[in-house]
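Everything below belongs to start-v5.txt, which stores compact mmCIF, C-alpha atoms.
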# COMPACT_ATOMS: atom_id res chain seq x y z
CA MET A 1 -41.94 -28.03 -24.99
CA ASP A 2 -44.94 -29.85 -23.55
CA ALA A 3 -46.59 -32.70 -25.47
CA GLY A 4 -49.71 -30.75 -26.41
CA ARG A 5 -47.75 -27.89 -27.90
CA SER A 6 -45.46 -30.33 -29.66
CA ASP A 7 -48.43 -32.15 -31.23
CA LEU A 8 -49.87 -28.83 -32.32
CA PHE A 9 -46.62 -27.98 -34.05
CA ASP A 10 -46.45 -31.39 -35.78
CA GLN A 11 -49.97 -30.96 -37.06
CA PHE A 12 -49.24 -27.46 -38.31
CA TYR A 13 -46.08 -28.72 -40.02
CA ARG A 14 -47.90 -31.51 -41.86
CA GLU A 15 -50.76 -29.28 -42.94
CA ASN A 16 -48.75 -26.25 -43.97
CA TYR A 17 -45.55 -27.68 -45.39
CA PRO A 18 -46.87 -27.62 -48.99
CA ARG A 19 -48.00 -24.00 -48.65
CA ILE A 20 -44.71 -22.79 -47.22
CA TYR A 21 -42.82 -24.81 -49.82
CA ARG A 22 -44.83 -23.27 -52.66
CA TYR A 23 -44.36 -19.81 -51.21
CA SER A 24 -40.59 -20.35 -50.91
CA TYR A 25 -40.47 -21.76 -54.43
CA ARG A 26 -42.18 -18.69 -55.82
CA LEU A 27 -39.58 -16.54 -54.13
CA VAL A 28 -36.43 -18.47 -55.00
CA GLY A 29 -37.53 -20.33 -58.14
CA ASN A 30 -35.71 -23.57 -57.42
CA SER A 31 -37.13 -26.75 -55.93
CA GLU A 32 -34.02 -27.87 -53.99
CA GLU A 33 -33.47 -24.45 -52.48
CA ALA A 34 -37.17 -24.12 -51.74
CA GLU A 35 -37.10 -27.42 -49.82
CA GLN A 36 -34.07 -26.37 -47.77
CA LEU A 37 -35.55 -22.98 -47.04
CA THR A 38 -38.88 -24.49 -46.06
CA GLN A 39 -37.09 -26.72 -43.56
CA GLU A 40 -35.17 -23.75 -42.20
CA SER A 41 -38.37 -21.73 -41.87
CA PHE A 42 -40.05 -24.50 -39.90
CA LYS A 43 -36.98 -24.87 -37.67
CA ASN A 44 -37.12 -21.16 -36.88
CA LEU A 45 -40.83 -21.45 -36.21
CA TYR A 46 -40.21 -24.43 -33.94
CA CYS A 47 -37.70 -22.38 -31.90
CA VAL A 48 -40.34 -19.69 -31.36
CA PHE A 49 -42.80 -22.41 -30.40
CA ALA A 50 -40.42 -24.15 -28.04
CA ASN A 51 -39.46 -20.91 -26.33
CA GLY A 52 -43.01 -20.65 -25.08
CA THR A 53 -43.66 -17.38 -26.87
CA ARG A 54 -47.34 -16.54 -27.08
CA ILE A 55 -48.37 -16.76 -30.73
CA THR A 56 -51.59 -15.11 -31.82
CA ASP A 57 -51.53 -16.12 -35.47
CA ILE A 58 -49.23 -19.04 -36.23
CA LYS A 59 -49.99 -19.04 -39.95
CA ALA A 60 -49.09 -15.39 -40.32
CA LEU A 61 -45.94 -15.99 -38.28
CA ALA A 62 -44.95 -18.98 -40.42
CA TYR A 63 -45.24 -16.94 -43.62
CA ARG A 64 -43.40 -14.03 -42.08
CA ILE A 65 -40.54 -16.32 -41.08
CA ALA A 66 -40.51 -18.03 -44.49
CA HIS A 67 -40.48 -14.68 -46.22
CA ASN A 68 -37.53 -13.45 -44.18
CA VAL A 69 -35.63 -16.72 -44.56
CA CYS A 70 -36.02 -16.57 -48.35
CA LEU A 71 -35.11 -12.89 -48.56
CA ASN A 72 -31.99 -13.47 -46.44
CA PHE A 73 -31.05 -16.34 -48.69
CA LEU A 74 -31.54 -14.24 -51.81
CA LYS A 75 -29.63 -11.32 -50.32
CA LYS A 76 -26.68 -13.48 -49.31
CA GLY A 77 -26.15 -14.89 -52.76
CA ASP A 78 -27.30 -11.76 -54.59
CA LYS A 79 -29.86 -14.03 -56.08
CA PHE A 80 -32.53 -11.42 -56.50
CA LYS A 81 -31.53 -11.39 -60.13
CA ASN A 82 -32.59 -15.02 -60.31
CA VAL A 83 -35.91 -14.71 -58.57
CA LEU A 84 -38.45 -16.53 -60.67
CA GLY A 85 -35.79 -16.97 -63.30
CA HIS A 86 -34.83 -20.55 -62.70
CA ASN A 87 -35.41 -23.08 -65.44
CA GLY A 88 -37.23 -25.26 -62.97
CA TYR A 89 -40.44 -23.31 -63.45
CA ALA A 90 -43.18 -25.47 -64.69
CA ILE A 91 -44.62 -24.95 -68.10
CA PRO A 92 -48.24 -26.13 -68.27
CA LEU A 93 -48.43 -29.75 -69.40
CA SER A 94 -51.23 -28.99 -71.80
CA VAL A 95 -48.86 -27.22 -74.20
CA PRO A 96 -49.11 -29.34 -77.31
CA SER A 97 -46.52 -28.15 -79.80
CA VAL A 98 -42.96 -26.85 -79.78
CA GLU A 99 -44.11 -23.49 -81.12
CA ASP A 100 -46.73 -23.13 -78.43
CA GLU A 101 -44.16 -24.11 -75.85
CA VAL A 102 -41.81 -21.39 -77.04
CA ILE A 103 -44.61 -18.81 -76.85
CA ALA A 104 -45.63 -20.02 -73.41
CA LYS A 105 -42.03 -19.81 -72.23
CA HIS A 106 -41.70 -16.35 -73.64
CA ARG A 107 -44.86 -15.22 -71.90
CA LEU A 108 -43.61 -16.59 -68.61
CA GLU A 109 -40.36 -14.75 -69.19
CA LEU A 110 -42.22 -11.50 -69.72
CA LEU A 111 -44.24 -12.15 -66.59
CA ARG A 112 -41.06 -12.87 -64.66
CA LYS A 113 -39.51 -9.62 -65.86
CA ALA A 114 -42.64 -7.70 -64.95
CA ILE A 115 -42.57 -9.14 -61.42
CA LEU A 116 -38.89 -8.28 -61.10
CA SER A 117 -39.54 -4.74 -62.21
CA LEU A 118 -41.77 -4.26 -59.15
CA SER A 119 -40.23 -2.92 -55.98
CA LYS A 120 -39.37 -5.55 -53.36
CA ARG A 121 -42.24 -4.29 -51.19
CA ASP A 122 -44.70 -4.64 -54.07
CA GLN A 123 -43.37 -8.12 -54.87
CA ARG A 124 -43.89 -9.13 -51.25
CA CYS A 125 -47.40 -7.79 -51.28
CA LEU A 126 -48.23 -9.53 -54.55
CA PHE A 127 -46.82 -12.87 -53.39
CA LEU A 128 -48.91 -12.82 -50.23
CA TYR A 129 -52.03 -11.77 -52.14
CA TRP A 130 -51.35 -14.56 -54.60
CA GLU A 131 -51.18 -16.90 -51.61
CA GLY A 132 -54.72 -15.86 -50.70
CA PHE A 133 -54.10 -13.65 -47.68
CA SER A 134 -56.44 -10.82 -46.72
CA TYR A 135 -55.21 -7.23 -46.69
CA ARG A 136 -55.01 -7.33 -42.91
CA GLU A 137 -52.88 -10.48 -42.97
CA ILE A 138 -50.63 -9.07 -45.69
CA SER A 139 -50.19 -5.97 -43.59
CA THR A 140 -49.12 -8.05 -40.59
CA ILE A 141 -46.84 -10.45 -42.42
CA ALA A 142 -45.09 -8.03 -44.75
CA ASN A 143 -45.16 -5.04 -42.44
CA ILE A 144 -46.94 -2.88 -45.00
CA ARG A 145 -49.54 -0.29 -44.04
CA GLY A 146 -53.00 -1.74 -44.53
CA THR A 147 -54.24 1.35 -46.35
CA SER A 148 -51.48 1.03 -48.98
CA ILE A 149 -52.21 -2.54 -50.00
CA GLY A 150 -55.06 -1.83 -52.43
CA ARG A 151 -52.96 0.78 -54.21
CA ILE A 152 -49.87 -1.48 -54.36
CA LEU A 153 -51.87 -4.41 -55.73
CA ALA A 154 -53.71 -2.30 -58.31
CA ARG A 155 -50.38 -0.96 -59.58
CA ALA A 156 -48.70 -4.39 -59.62
CA ILE A 157 -51.58 -6.13 -61.38
CA ASN A 158 -51.83 -3.34 -63.92
CA ARG A 159 -48.15 -3.69 -64.74
CA LEU A 160 -48.38 -7.47 -65.06
CA SER A 161 -51.45 -7.10 -67.22
CA ASN A 162 -49.67 -4.69 -69.56
CA GLU A 163 -46.81 -7.16 -69.94
CA ARG A 164 -49.34 -9.86 -70.59
CA GLN A 165 -50.82 -7.80 -73.41
CA ARG A 166 -47.36 -7.28 -74.86
CA GLY A 167 -46.79 -11.04 -74.74
CA LYS A 168 -50.08 -11.67 -76.54
CA GLY A 169 -49.12 -9.35 -79.34
CA LEU A 170 -46.08 -11.45 -80.19
CA MET B 1 -69.19 11.07 -55.59
CA LYS B 2 -65.96 11.34 -57.61
CA HIS B 3 -64.97 8.59 -60.03
CA LEU B 4 -63.55 5.33 -58.72
CA ASP B 5 -59.77 5.28 -58.40
CA PRO B 6 -57.69 2.13 -59.09
CA GLN B 7 -57.15 1.51 -55.37
CA LEU B 8 -60.87 1.48 -54.59
CA ILE B 9 -61.56 -0.68 -57.65
CA GLN B 10 -58.98 -3.21 -56.42
CA MET B 11 -60.48 -3.16 -52.93
CA LEU B 12 -63.97 -3.67 -54.34
CA LEU B 13 -62.79 -6.65 -56.40
CA ASP B 14 -61.09 -8.17 -53.37
CA GLY B 15 -64.05 -7.52 -51.07
CA GLU B 16 -61.82 -5.34 -48.89
CA ALA B 17 -63.72 -2.04 -49.23
CA HIS B 18 -65.53 -0.76 -46.16
CA ASP B 19 -69.31 -1.02 -46.20
CA ASP B 20 -69.81 2.72 -46.66
CA GLU B 21 -67.28 2.85 -49.51
CA LYS B 22 -68.95 -0.11 -51.14
CA LEU B 23 -72.36 1.49 -50.86
CA ARG B 24 -71.16 4.80 -52.33
CA ALA B 25 -69.33 2.96 -55.13
CA GLU B 26 -72.44 0.95 -55.97
CA HIS B 27 -74.49 4.15 -56.21
CA HIS B 28 -71.82 5.73 -58.37
CA ILE B 29 -71.40 2.91 -60.87
CA HIS B 30 -75.14 2.75 -61.23
CA ASP B 31 -75.01 6.19 -62.81
CA CYS B 32 -71.46 6.23 -64.27
CA ALA B 33 -70.96 3.95 -67.26
CA GLY B 34 -67.25 4.82 -67.39
CA CYS B 35 -66.55 3.57 -63.89
CA ARG B 36 -68.72 0.54 -64.46
CA ALA B 37 -66.61 -0.37 -67.47
CA LYS B 38 -63.39 0.32 -65.54
CA LEU B 39 -64.49 -2.03 -62.77
CA GLU B 40 -65.35 -4.72 -65.28
CA ARG B 41 -62.04 -4.39 -67.10
CA ALA B 42 -60.11 -4.51 -63.83
CA GLY B 43 -61.94 -7.73 -62.92
CA PHE B 44 -60.94 -9.36 -66.23
CA LYS B 45 -57.34 -8.16 -65.85
CA LEU B 46 -57.11 -9.56 -62.33
CA LYS B 47 -58.45 -12.96 -63.34
CA ALA B 48 -56.11 -13.19 -66.32
CA VAL B 49 -53.02 -12.17 -64.33
CA MET B 50 -53.75 -14.59 -61.52
CA LYS B 51 -54.21 -17.38 -64.06
CA ASP B 52 -50.86 -16.52 -65.64
CA LEU B 53 -49.14 -16.53 -62.27
CA GLU B 54 -50.18 -20.12 -61.79
CA GLY B 55 -47.69 -20.94 -64.55
CA LEU B 56 -44.90 -19.99 -62.18
CA ASP B 57 -45.93 -22.48 -59.51
CA PRO B 58 -43.90 -25.64 -58.93
CA ALA B 59 -44.96 -28.63 -61.00
CA THR B 60 -45.10 -30.82 -57.93
CA VAL B 61 -45.06 -30.14 -54.21
CA PRO B 62 -43.09 -32.70 -52.19
CA SER B 63 -44.71 -34.32 -49.19
CA PRO B 64 -43.34 -33.07 -45.88
CA PRO B 65 -40.15 -34.88 -44.84
CA ALA B 66 -39.65 -35.95 -41.24
CA PHE B 67 -39.07 -32.85 -39.20
CA ASP B 68 -35.64 -32.71 -37.65
CA ARG B 69 -36.23 -30.83 -34.42
CA PRO B 70 -33.50 -28.34 -33.65
CA LEU B 71 -32.01 -27.94 -30.20
CA VAL B 72 -33.68 -24.92 -28.74
CA ASP B 73 -31.24 -22.38 -27.38
CA LYS B 74 -32.89 -20.17 -24.80
CA GLY B 75 -31.56 -16.65 -24.85
CA PRO B 76 -30.81 -15.91 -21.18
CA LYS B 77 -28.70 -19.07 -20.75
CA ARG B 78 -26.25 -18.20 -23.50
CA PRO B 79 -22.74 -17.63 -22.19
CA LEU B 80 -21.46 -14.07 -22.50
CA ILE B 81 -18.57 -15.01 -24.78
CA ARG B 82 -21.00 -16.62 -27.23
CA VAL B 83 -23.19 -13.53 -27.22
CA LEU B 84 -20.18 -11.39 -28.04
CA VAL B 85 -18.80 -13.71 -30.67
CA LEU B 86 -21.96 -14.67 -32.47
CA SER B 87 -24.09 -11.57 -32.38
CA PRO B 88 -23.73 -9.76 -35.71
CA ILE B 89 -24.53 -6.41 -34.11
CA LYS B 90 -22.53 -6.73 -30.91
CA VAL B 91 -19.27 -7.76 -32.51
CA PRO B 92 -18.77 -4.62 -34.62
CA ALA B 93 -19.98 -2.45 -31.74
CA PHE B 94 -17.50 -4.08 -29.39
CA LEU B 95 -14.65 -3.61 -31.87
CA LEU B 96 -15.64 0.01 -32.39
CA VAL B 97 -15.53 0.71 -28.66
CA LEU B 98 -12.19 -1.08 -28.36
CA MET B 99 -10.69 0.93 -31.23
CA ALA B 100 -12.02 4.19 -29.80
CA GLY B 101 -10.41 3.36 -26.45
CA VAL B 102 -7.04 2.64 -28.08
CA LEU B 103 -7.23 5.85 -30.11
CA ILE B 104 -8.03 7.94 -27.03
CA ILE B 105 -5.07 6.47 -25.14
CA LEU B 106 -2.75 7.07 -28.10
CA ALA B 107 -3.98 10.62 -28.55
CA ARG B 108 -3.41 11.42 -24.92
CA LEU B 109 0.10 10.02 -25.03
CA LEU B 110 1.00 11.79 -28.27
CA PHE B 111 -0.64 15.18 -27.82
CA VAL B 112 -1.00 15.72 -24.11
CA GLY B 113 2.16 14.11 -22.82
CA ASN B 114 3.03 11.97 -19.90
CA PRO B 115 0.10 11.78 -17.48
CA ALA B 116 2.50 12.07 -14.55
CA GLN B 117 3.72 15.44 -15.84
CA LYS B 118 0.27 16.61 -16.83
CA ASN B 119 -1.01 16.39 -13.30
CA ALA B 120 2.17 17.69 -11.69
CA ALA B 121 1.40 19.51 -8.47
CA ILE B 122 2.42 23.16 -8.17
CA THR B 123 4.80 23.74 -5.34
CA LYS B 124 5.44 27.46 -5.74
CA VAL B 125 3.71 30.44 -7.37
CA SER B 126 5.41 33.82 -7.72
CA ALA B 127 4.21 36.99 -9.40
CA ASP B 128 6.69 38.40 -11.94
CA GLY B 129 4.70 41.43 -13.04
CA PRO B 130 1.15 42.71 -13.54
CA ASP B 131 0.39 40.17 -16.25
CA SER B 132 2.61 37.19 -15.62
CA VAL B 133 3.17 34.61 -13.00
CA THR B 134 5.73 31.85 -12.57
CA LEU B 135 4.58 28.43 -11.52
CA ILE B 136 6.97 25.85 -10.19
CA SER B 137 5.92 22.26 -10.06
CA SER B 138 7.47 18.81 -10.06
CA ALA B 139 7.25 18.97 -13.87
CA GLY B 140 9.53 22.01 -14.02
CA GLU B 141 9.21 25.79 -14.12
CA THR B 142 7.03 27.76 -16.51
CA THR B 143 5.78 31.32 -16.91
CA ILE B 144 2.37 32.25 -18.17
CA ARG B 145 0.55 35.53 -18.76
CA LEU B 146 -2.38 36.20 -16.51
CA ASN B 147 -4.71 37.28 -19.31
CA THR B 148 -4.25 33.92 -21.00
CA VAL B 149 -4.37 31.78 -17.94
CA THR B 150 -6.88 29.51 -19.55
CA TYR B 151 -4.19 28.39 -21.96
CA GLY B 152 -1.73 27.68 -19.23
CA PHE B 153 -3.64 25.83 -16.62
CA LYS B 154 -7.03 24.80 -15.45
CA VAL B 155 -8.64 24.39 -12.09
CA VAL B 156 -9.52 20.86 -11.12
CA GLU B 157 -11.66 19.65 -8.25
CA ASP B 158 -10.02 21.77 -5.57
CA PRO B 159 -9.92 25.38 -6.92
CA SER B 160 -6.73 26.03 -4.98
CA ILE B 161 -4.79 23.45 -7.01
CA LEU B 162 -3.56 24.44 -10.45
CA VAL B 163 -2.69 21.71 -12.91
CA LEU B 164 -0.16 22.41 -15.65
CA LYS B 165 -0.71 21.24 -19.17
CA LYS B 166 2.58 20.50 -20.77
CA GLY B 167 3.19 22.03 -24.19
CA ASP B 168 0.78 24.95 -24.12
CA THR B 169 1.97 26.78 -21.04
CA ASN B 170 4.96 28.64 -22.50
CA GLU B 171 3.30 30.81 -25.07

Output the file's structure in the form of structure tokens.
Amino acid sequence: MDAGRSDLFDQFYRENYPRIYRYSYRLVGNSEEAEQLTQESFKNLYCVFANGTRITDIKALAYRIAHNVCLNFLKKGDKFKNVLGHNGYAIPLSVPSVEDEVIAKHRLELLRKAILSLSKRDQRCLFLYWEGFSYREISTIANIRGTSIGRILARAINRLSNERQRGKGL
Amino acid sequence: MKHLDPQLIQMLLDGEAHDDEKLRAEHHIHDCAGCRAKLERAGFKLKAVMKDLEGLDPATVPSPPAFDRPLVDKGPKRPLIRVLVLSPIKVPAFLLVLMAGVLIILARLLFVGNPAQKNAAITKVSADGPDSVTLISSAGETTIRLNTVTYGFKVVEDPSILVLKKGDTNE
């Protein structure tokens, strides 16, 4: 790989590591695994870079690789059951009392269950939307038809909102 | 215009609706209080859900560690044996072909007989009657009926050469 391309990769790595880490964390729900998977994703991306492949949208490619790396990891260990279910999830620091903490935990649990009840395609779509991607980018990264994204998101958000209401009523 | 569906509402909230859709929706909600309320509710829901999702984010994001550059393996230079051994698709395919080959050889040996006998050349043909003929070959002598000749032999390459198939000639 020539020096210019190598520098470009290094810059991309520094700037986007936190994003890819956060994305991986959301998918696997564990900080150690998220770190390992982020490294693996960047290694895969580096191989594409070093092979001289023409890349039109490196950011989209990085997320696509990260997504596949995490899904492969989850599939291997049948860890889909644990997605978002790890204890490592942060509870907001502003929670003042034990009772509030229990309620907050319970609400997160409901949210987790609601996300898990979505199809894998809908989860993918929601995660990318959550990451701030446009419909066009989501379509490219997750290989979902652009015209379906609005419908998928509306359905997913509605389901999460209903669970949220249930959590409030407790 | 018909009422706004959830998909269009979501697209409007995300700024992903086409200009013409947006224009028509704006005209519609101007006159339709129901859709106006739906759009407003959907906006609140979206904000609330996205705020909740933040609770699932990691508490801290580590700074990027030094990147350990992998050795890049360029596809065309990979040795054939490595391609066969490591490729998850090629290995089962290769085994399948190998097993099919073994099965075909076994089947031929078990059900068709010795290949040397199968392709035994006919040295003499004599007519025994209006519907039977005797063929003599290096594999031995056999009699077949003319109206079932297809069971007894087949013509290969040179139409003048008949090839016996052991086992189904003496019916």

Quick one: which chain B residues come within 8 Å of chain A, and what is the nearest atom pair for each with the distance in Å to one decimal, counting only C-alpha atoms, rows ordered by chain and ascending number, as a Markdown table?
| residue | atom | partner | partner_atom | distance |
| --- | --- | --- | --- | --- |
| B:Pro6 | CA | A:Ala154 | CA | 6.0 |
| B:Gln7 | CA | A:Arg151 | CA | 4.4 |
| B:Leu8 | CA | A:Gly150 | CA | 7.0 |
| B:Gln10 | CA | A:Ala154 | CA | 5.7 |
| B:Met11 | CA | A:Gly150 | CA | 5.6 |
| B:Glu16 | CA | A:Tyr135 | CA | 7.2 |
| B:Lys45 | CA | A:Ser161 | CA | 6.1 |
| B:Leu46 | CA | A:Ile157 | CA | 6.6 |
| B:Ala48 | CA | A:Ser161 | CA | 7.7 |
| B:Val49 | CA | A:Ser161 | CA | 6.0 |
| B:Met50 | CA | A:Trp130 | CA | 7.3 |
| B:Asp52 | CA | A:Leu108 | CA | 7.8 |
| B:Leu53 | CA | A:Leu111 | CA | 7.9 |
| B:Gly55 | CA | A:Ile91 | CA | 6.2 |
| B:Leu56 | CA | A:Tyr89 | CA | 5.7 |
| B:Asp57 | CA | A:Arg26 | CA | 6.5 |
| B:Pro58 | CA | A:Ala90 | CA | 5.8 |
| B:Ala59 | CA | A:Ala90 | CA | 5.2 |
| B:Val61 | CA | A:Pro18 | CA | 6.1 |
| B:Pro62 | CA | A:Pro18 | CA | 7.1 |
| B:Ser63 | CA | A:Pro18 | CA | 7.0 |
| B:Pro64 | CA | A:Tyr17 | CA | 5.8 |
| B:Phe67 | CA | A:Gln39 | CA | 7.8 |
| B:Asp68 | CA | A:Lys43 | CA | 8.0 |
| B:Arg69 | CA | A:Lys43 | CA | 6.8 |
| B:Pro70 | CA | A:Lys43 | CA | 6.3 |
| B:Val72 | CA | A:Cys47 | CA | 5.7 |
| B:Asp73 | CA | A:Cys47 | CA | 7.9 |
| B:Lys74 | CA | A:Asn51 | CA | 6.8 |

Which one of A:Leu8, A:Leu37, A:Ala114, A:Ile58 sits closest to Leu74 (chain A) if you count all atoms listed in the file?
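Closest to Leu74 (chain A), using all atoms listed in the file: A:Leu37.
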
- prompt: For Leu45 (chain A), which of A:Lys59, A:Lys113, A:Arg124, A:Arg145 is the closest residue, counting all atoms listed in the file?
  reply: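 Of A:Lys59, A:Lys113, A:Arg124, A:Arg145, the one nearest Leu45 (chain A), counting all atoms listed in the file, is A:Lys59.
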
Requested in this report: One decimal, Å: what's the distance from CA of Ala62 (chain A) over to CA of Ser41 (chain A), could you say?
Outcome: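 According to the coordinates, CA of Ala62 (chain A) and CA of Ser41 (chain A) are separated by 7.3 Å.
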
Do you have the CA of Leu110 (chain A)-CA of Lys51 (chain B) distance handy?
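So the answer is 14.5 Å.
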
Between CA of Thr140 (chain A) and CA of Arg64 (chain A) lies a distance of 8.4 Å

Of the listed residues B:Ile105, B:Ala42, B:Ala33, B:Leu23, that which approaches Ile9 (chain B) most closely, counting only C-alpha atoms
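Smallest separation from Ile9 (chain B) among the options: B:Ala42.
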
Can region 34-61 of chain B be brought up to N, CA and C atoms and written out as an mmCIF file, in the frame of the given file?
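selection.cif, written as the output of this step:
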data_model
loop_
_atom_site.group_PDB
_atom_site.id
_atom_site.type_symbol
_atom_site.label_atom_id
_atom_site.label_comp_id
_atom_site.auth_asym_id
_atom_site.auth_seq_id
_atom_site.Cartn_x
_atom_site.Cartn_y
_atom_site.Cartn_z
ATOM 1 N N GLY B 34 -68.723 4.877 -67.288
ATOM 2 C CA GLY B 34 -67.250 4.820 -67.390
ATOM 3 C C GLY B 34 -66.653 4.006 -66.256
ATOM 4 N N CYS B 35 -67.092 4.289 -65.048
ATOM 5 C CA CYS B 35 -66.550 3.570 -63.890
ATOM 6 C C CYS B 35 -67.012 2.116 -63.888
ATOM 7 N N ARG B 36 -68.213 1.902 -64.373
ATOM 8 C CA ARG B 36 -68.720 0.540 -64.460
ATOM 9 C C ARG B 36 -67.816 -0.286 -65.387
ATOM 10 N N ALA B 37 -67.480 0.319 -66.509
ATOM 11 C CA ALA B 37 -66.610 -0.370 -67.470
ATOM 12 C C ALA B 37 -65.210 -0.579 -66.884
ATOM 13 N N LYS B 38 -64.735 0.441 -66.164
ATOM 14 C CA LYS B 38 -63.390 0.320 -65.540
ATOM 15 C C LYS B 38 -63.357 -0.857 -64.564
ATOM 16 N N LEU B 39 -64.411 -0.958 -63.766
ATOM 17 C CA LEU B 39 -64.490 -2.030 -62.770
ATOM 18 C C LEU B 39 -64.505 -3.401 -63.457
ATOM 19 N N GLU B 40 -65.251 -3.459 -64.537
ATOM 20 C CA GLU B 40 -65.350 -4.720 -65.280
ATOM 21 C C GLU B 40 -64.003 -5.102 -65.878
ATOM 22 N N ARG B 41 -63.352 -4.125 -66.483
ATOM 23 C CA ARG B 41 -62.040 -4.390 -67.100
ATOM 24 C C ARG B 41 -61.028 -4.841 -66.056
ATOM 25 N N ALA B 42 -61.060 -4.157 -64.904
ATOM 26 C CA ALA B 42 -60.110 -4.510 -63.830
ATOM 27 C C ALA B 42 -60.340 -5.937 -63.364
ATOM 28 N N GLY B 43 -61.605 -6.351 -63.326
ATOM 29 C CA GLY B 43 -61.940 -7.730 -62.920
ATOM 30 C C GLY B 43 -61.363 -8.744 -63.898
ATOM 31 N N PHE B 44 -61.499 -8.447 -65.201
ATOM 32 C CA PHE B 44 -60.940 -9.360 -66.230
ATOM 33 C C PHE B 44 -59.416 -9.427 -66.108
ATOM 34 N N LYS B 45 -58.807 -8.236 -65.958
ATOM 35 C CA LYS B 45 -57.340 -8.160 -65.850
ATOM 36 C C LYS B 45 -56.859 -9.020 -64.681
ATOM 37 N N LEU B 46 -57.521 -8.845 -63.546
ATOM 38 C CA LEU B 46 -57.110 -9.560 -62.330
ATOM 39 C C LEU B 46 -57.176 -11.071 -62.536
ATOM 40 N N LYS B 47 -58.284 -11.524 -63.106
ATOM 41 C CA LYS B 47 -58.450 -12.960 -63.340
ATOM 42 C C LYS B 47 -57.345 -13.491 -64.254
ATOM 43 N N ALA B 48 -57.098 -12.743 -65.325
ATOM 44 C CA ALA B 48 -56.110 -13.190 -66.320
ATOM 45 C C ALA B 48 -54.709 -13.238 -65.705
ATOM 46 N N VAL B 49 -54.365 -12.214 -64.932
ATOM 47 C CA VAL B 49 -53.020 -12.170 -64.330
ATOM 48 C C VAL B 49 -52.852 -13.306 -63.325
ATOM 49 N N MET B 50 -53.870 -13.530 -62.522
ATOM 50 C CA MET B 50 -53.750 -14.590 -61.520
ATOM 51 C C MET B 50 -53.638 -15.962 -62.193
ATOM 52 N N LYS B 51 -54.301 -16.103 -63.329
ATOM 53 C CA LYS B 51 -54.210 -17.380 -64.060
ATOM 54 C C LYS B 51 -52.785 -17.546 -64.603
ATOM 55 N N ASP B 52 -52.232 -16.465 -65.130
ATOM 56 C CA ASP B 52 -50.860 -16.520 -65.640
ATOM 57 C C ASP B 52 -49.858 -16.863 -64.538
ATOM 58 N N LEU B 53 -50.079 -16.293 -63.380
ATOM 59 C CA LEU B 53 -49.140 -16.530 -62.270
ATOM 60 C C LEU B 53 -49.067 -17.992 -61.892
ATOM 61 N N GLU B 54 -50.175 -18.681 -62.118
ATOM 62 C CA GLU B 54 -50.180 -20.120 -61.790
ATOM 63 C C GLU B 54 -49.091 -20.871 -62.574
ATOM 64 N N GLY B 55 -48.735 -20.321 -63.736
ATOM 65 C CA GLY B 55 -47.690 -20.940 -64.550
ATOM 66 C C GLY B 55 -46.327 -20.926 -63.877
ATOM 67 N N LEU B 56 -46.178 -20.091 -62.888
ATOM 68 C CA LEU B 56 -44.900 -19.990 -62.180
ATOM 69 C C LEU B 56 -44.832 -20.883 -60.943
ATOM 70 N N ASP B 57 -45.923 -21.603 -60.684
ATOM 71 C CA ASP B 57 -45.930 -22.480 -59.510
ATOM 72 C C ASP B 57 -45.123 -23.748 -59.780
ATOM 73 N N PRO B 58 -44.652 -24.392 -58.727
ATOM 74 C CA PRO B 58 -43.900 -25.640 -58.930
ATOM 75 C C PRO B 58 -44.797 -26.716 -59.542
ATOM 76 N N ALA B 59 -44.186 -27.567 -60.362
ATOM 77 C CA ALA B 59 -44.960 -28.630 -61.000
ATOM 78 C C ALA B 59 -45.505 -29.603 -59.964
ATOM 79 N N THR B 60 -44.667 -29.916 -59.000
ATOM 80 C CA THR B 60 -45.100 -30.820 -57.930
ATOM 81 C C THR B 60 -44.662 -30.252 -56.578
ATOM 82 N N VAL B 61 -45.431 -30.561 -55.570
ATOM 83 C CA VAL B 61 -45.060 -30.140 -54.210
ATOM 84 C C VAL B 61 -44.701 -31.400 -53.431
#
